[in-house]
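Asker: This is entry-v4.tsv (TSV, C-alpha atoms).
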```
chain	number	residue	atom	x	y	z
A	1	MET	CA	-22.81	-6.88	-2.56
A	2	ASN	CA	-21.96	-3.87	-4.71
A	3	LYS	CA	-19.72	-3.88	-7.78
A	4	SER	CA	-16.66	-2.38	-6.07
A	5	MET	CA	-16.72	-5.03	-3.33
A	6	ARG	CA	-16.96	-7.82	-5.92
A	7	SER	CA	-14.04	-6.29	-7.79
A	8	LEU	CA	-12.01	-6.07	-4.60
A	9	PHE	CA	-12.71	-9.69	-3.72
A	10	LEU	CA	-11.68	-10.73	-7.23
A	11	VAL	CA	-8.41	-8.78	-7.03
A	12	VAL	CA	-7.69	-10.16	-3.55
A	13	ALA	CA	-8.42	-13.70	-4.80
A	14	VAL	CA	-6.09	-13.25	-7.79
A	15	SER	CA	-3.39	-11.78	-5.52
A	16	MET	CA	-3.67	-14.70	-3.13
A	17	ALA	CA	-3.59	-17.16	-6.03
A	18	ILE	CA	-0.41	-15.56	-7.36
A	19	ALA	CA	1.19	-15.77	-3.93
A	20	MET	CA	0.06	-19.38	-3.40
A	21	PHE	CA	0.95	-20.69	-6.85
A	22	TRP	CA	4.21	-18.78	-7.32
A	23	ASN	CA	6.31	-21.92	-6.85
A	24	LYS	CA	3.69	-24.39	-8.12
A	25	VAL	CA	2.95	-22.79	-11.50
A	26	PRO	CA	6.33	-21.96	-13.05
A	27	ALA	CA	4.81	-19.67	-15.69
A	28	ILE	CA	3.92	-17.11	-13.01
A	29	SER	CA	7.37	-16.78	-11.45
A	30	GLN	CA	9.24	-17.29	-14.72
A	31	SER	CA	7.39	-14.47	-16.47
A	32	VAL	CA	8.06	-12.07	-13.59
A	33	HIS	CA	11.72	-13.14	-13.44
A	34	LEU	CA	11.96	-12.69	-17.21
A	35	ILE	CA	11.02	-9.03	-16.80
A	36	LEU	CA	12.66	-8.13	-13.47
A	37	ASP	CA	15.91	-10.13	-13.49
A	38	PRO	CA	17.55	-8.20	-16.35
A	39	THR	CA	16.46	-4.85	-14.92
A	40	GLY	CA	15.93	-4.96	-11.17
A	41	GLY	CA	18.24	-7.93	-10.70
A	42	LYS	CA	21.12	-6.08	-12.34
A	43	LEU	CA	20.43	-3.02	-10.20
A	44	LEU	CA	20.41	-5.09	-7.00
A	45	ASN	CA	23.55	-6.97	-8.12
A	46	TRP	CA	25.28	-3.63	-8.67
A	47	SER	CA	24.22	-2.28	-5.25
A	48	ALA	CA	21.55	-3.85	-3.07
A	49	ASN	CA	21.45	-0.69	-0.92
A	50	VAL	CA	20.83	1.68	-3.83
A	51	GLY	CA	18.58	-0.86	-5.53
A	52	ILE	CA	16.22	-1.31	-2.60
A	53	LEU	CA	16.09	2.48	-2.13
A	54	LEU	CA	15.19	2.99	-5.80
A	55	PHE	CA	12.64	0.17	-5.76
A	56	ALA	CA	11.02	1.55	-2.60
A	57	ALA	CA	10.93	5.04	-4.13
A	58	ALA	CA	9.52	3.84	-7.47
A	59	ILE	CA	6.86	1.61	-5.92
A	60	SER	CA	5.89	4.33	-3.42
A	61	LEU	CA	5.61	6.86	-6.24
A	62	PHE	CA	3.46	4.44	-8.27
A	63	ILE	CA	1.13	3.79	-5.32
A	64	THR	CA	0.89	7.49	-4.42
A	65	LEU	CA	0.01	8.50	-7.98
A	66	ILE	CA	-2.59	5.73	-8.21
A	67	GLN	CA	-4.09	6.92	-4.92
A	68	LYS	CA	-4.17	10.52	-6.07
A	69	TYR	CA	-5.78	9.90	-9.44
A	70	THR	CA	-8.20	7.07	-8.57
A	71	THR	CA	-9.74	8.59	-5.44
A	72	ASP	CA	-11.97	11.59	-4.93
A	73	GLN	CA	-9.45	13.79	-3.12
A	74	GLU	CA	-11.92	16.56	-2.31
A	75	THR	CA	-14.38	14.17	-0.68
A	76	LEU	CA	-11.56	12.55	1.32
A	77	ARG	CA	-10.37	15.95	2.54
A	78	GLN	CA	-13.92	16.87	3.52
A	79	ILE	CA	-14.35	13.60	5.43
A	80	LYS	CA	-11.04	14.12	7.26
A	81	LYS	CA	-12.09	17.67	8.13
A	82	GLU	CA	-15.44	16.46	9.50
A	83	GLN	CA	-13.71	13.68	11.46
A	84	LYS	CA	-11.33	16.19	13.01
A	85	ILE	CA	-14.24	18.38	14.09
A	86	LEU	CA	-15.99	15.35	15.60
A	87	GLN	CA	-12.80	14.35	17.44
A	88	GLU	CA	-12.63	17.80	19.01
A	89	GLU	CA	-16.29	17.57	20.05
A	90	ILE	CA	-15.72	14.10	21.53
A	91	LYS	CA	-12.88	15.54	23.64
A	92	LYS	CA	-15.21	18.28	24.90
A	93	TYR	CA	-17.84	15.76	25.98
A	94	LYS	CA	-15.61	13.15	27.59
A	95	ASP	CA	-17.44	13.75	30.90
A	96	HIS	CA	-20.83	13.16	29.21
A	97	PRO	CA	-20.90	9.49	28.13
A	98	GLU	CA	-24.27	9.66	26.34
A	99	LYS	CA	-23.24	12.64	24.18
A	100	MET	CA	-19.85	11.05	23.56
A	101	MET	CA	-21.51	7.81	22.39
A	102	GLU	CA	-23.75	9.77	20.03
A	103	LEU	CA	-20.72	11.51	18.51
A	104	GLN	CA	-18.81	8.24	18.22
A	105	LYS	CA	-21.75	6.68	16.35
A	106	LYS	CA	-21.69	9.66	14.03
A	107	GLN	CA	-17.97	9.14	13.54
A	108	LEU	CA	-18.51	5.47	12.63
A	109	GLN	CA	-20.72	6.55	9.74
A	110	PHE	CA	-17.62	7.83	7.95
A	111	ILE	CA	-16.03	4.38	7.74
A	112	PRO	CA	-18.10	2.95	4.84
A	113	ARG	CA	-17.74	6.17	2.81
A	114	THR	CA	-13.99	6.32	3.37
A	115	PHE	CA	-13.62	2.62	2.63
A	116	GLU	CA	-15.48	2.89	-0.67
A	117	ILE	CA	-13.41	5.90	-1.78
A	118	THR	CA	-10.05	4.36	-0.83
A	119	LEU	CA	-10.88	0.93	-2.24
A	120	ARG	CA	-10.11	1.62	-5.90
A	121	PRO	CA	-6.32	2.11	-5.54
A	122	ILE	CA	-6.03	-1.29	-3.85
A	123	MET	CA	-7.52	-2.90	-6.93
A	124	TYR	CA	-4.81	-1.39	-9.13
A	125	THR	CA	-1.82	-1.89	-6.85
A	126	SER	CA	-2.24	-5.20	-5.02
A	127	ILE	CA	-1.26	-7.55	-7.86
A	128	PRO	CA	1.90	-5.62	-8.86
A	129	ILE	CA	2.93	-5.42	-5.19
A	130	ILE	CA	2.47	-9.18	-4.73
A	131	LEU	CA	4.57	-9.81	-7.85
A	132	PHE	CA	7.35	-7.51	-6.62
A	133	PHE	CA	7.35	-9.03	-3.14
A	134	ARG	CA	7.53	-12.58	-4.48
A	135	TRP	CA	10.35	-11.57	-6.83
A	136	PHE	CA	12.20	-9.76	-4.01
A	137	ASN	CA	11.85	-12.87	-1.86
A	138	ASP	CA	13.30	-15.06	-4.63
A	139	TYR	CA	16.16	-12.63	-5.29
A	140	PHE	CA	17.16	-12.18	-1.65
A	141	THR	CA	16.77	-15.89	-0.88
A	142	ALA	CA	19.32	-16.61	-3.62
A	143	ASN	CA	21.46	-13.60	-2.58
A	144	PRO	CA	21.21	-13.17	1.19
A	145	ILE	CA	22.30	-9.56	1.67
A	146	LYS	CA	21.75	-7.23	4.62
A	147	ILE	CA	20.71	-3.78	3.46
A	148	PHE	CA	23.17	-1.22	4.83
A	149	GLY	CA	24.63	-4.14	6.79
A	150	LEU	CA	21.63	-4.22	9.16
A	151	LEU	CA	18.24	-4.95	7.67
A	152	SER	CA	16.66	-7.73	5.68
A	153	TRP	CA	15.21	-6.64	2.34
A	154	PHE	CA	11.70	-6.77	3.79
A	155	TRP	CA	12.33	-4.38	6.69
A	156	ALA	CA	14.48	-2.09	4.55
A	157	TYR	CA	11.70	-1.91	1.96
A	158	ILE	CA	9.03	-1.24	4.61
A	159	ILE	CA	11.05	1.55	6.27
A	160	PHE	CA	12.10	3.20	3.00
A	161	SER	CA	8.64	2.95	1.47
A	162	MET	CA	7.10	4.60	4.55
A	163	ILE	CA	9.58	7.46	4.22
A	164	PHE	CA	9.09	7.86	0.46
A	165	THR	CA	5.31	7.53	0.71
A	166	THR	CA	5.18	10.31	3.31
A	167	ILE	CA	7.31	12.54	1.08
A	168	PHE	CA	5.34	11.79	-2.10
A	169	ARG	CA	1.97	12.26	-0.38
A	170	LYS	CA	3.08	15.74	0.71
A	171	VAL	CA	4.62	16.63	-2.67
A	172	PHE	CA	1.53	15.51	-4.61
A	173	ASN	CA	-0.92	16.76	-1.95
A	174	VAL	CA	-2.67	13.41	-1.54
A	175	ALA	CA	-5.49	13.37	1.02
```
Any chance you could give the structure as structure tokens?

Answerer:
Amino acid sequence: MNKSMRSLFLVVAVSMAIAMFWNKVPAISQSVHLILDPTGGKLLNWSANVGILLFAAAISLFITLIQKYTTDQETLRQIKKEQKILQEEIKKYKDHPEKMMELQKKQLQFIPRTFEITLRPIMYTSIPIILFFRWFNDYFTANPIKIFGLLSWFWAYIIFSMIFTTIFRKVFNVA
């Protein structure tokens, strides 16, 4: 197992431990609440709608910048370009199963390369995301509010973060 995979497993294990022990080890949740309650809590108390929008934007910006500066953007663009060319060739040969299978095998060779390149941002972002999600869950459990009168915090965050991530990826030209 290579170094990046070991690092990923370690980060995933720590993330899972944080999630599992959030309520069992008070120091974890208390330290996060100590930081986020006076800042994010006040923002959400002022306006949950604006607060969740700002949190989604800030977290999306953080993740996008981490992705941009911890991945080899040129290599990712090249891989995407090659995959697009292969997709077009696969469409041409849909009536020739043997040629199509050969091209699909070629396409599968991109997966390990892409995975290795895109792995690093996960190592930097997973723990902060887990901490935010656990804190959001605590906040909105104590203050059950529907965002814009419709959505739970979770779905509002997911929708807004998808929108902001799309915008930020275009603005910062992230592959």

Asker: May I have the residues within 6 Å of range 67-84 of chain A as a PyMOL selection string, using all atoms listed in the file and disregarding those fewer than 4 positions away in the same chain?

Answerer: chain A and resi 117+121+174-175

Asker: Measuring atom to atom with all atoms listed in the file, identify which of A:Thr64, A:Ser47, A:Gln30, A:Gln104 is nearest to Met162 in chain A.

Answerer: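 For Met162 in chain A, the nearest of the given residues is A:Thr64.
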
Asker: I'd like a table as a tab-separated table: residues in range 50-139 of chain A with an atom no more than 10 Å from range 22-29 of chain A, each row giving the shortest atom pair and its distance in Å to one decimal, only C-alpha atoms counted, sorted by chain and rising residue number.

Answerer:
```
residue	atom	partner	partner_atom	distance
A:Leu131	CA	A:Ser29	CA	8.3
A:Arg134	CA	A:Trp22	CA	7.6
A:Trp135	CA	A:Ser29	CA	7.6
A:Asp138	CA	A:Ser29	CA	9.2
```

Asker: Separation of CA of Ile66 in chain A and CA of Tyr124 in chain A, in Å?

Answerer: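 Distance between the two atoms: 7.5 Å.
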
Asker: In Å, with one decimal, what is the gap from CA of Leu8 in chain A to CA of Met123 in chain A?

Answerer: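 Between these atoms lies a distance of 6.0 Å.
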
Asker: Please provide the set of residues having any atom within 9 Å of Leu53 in chain A, restricted to all atoms listed in the file, with same-chain residues fewer than 4 positions apart removed, written as a PyMOL selection string.

Answerer: chain A and resi 48-49+57-58+156-157+160-161

Asker: To one decimal in Å, tell me the separation between CA of Leu34 in chain A and CA of Gly51 in chain A.

Answerer: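 Distance between the two atoms: 17.9 Å.
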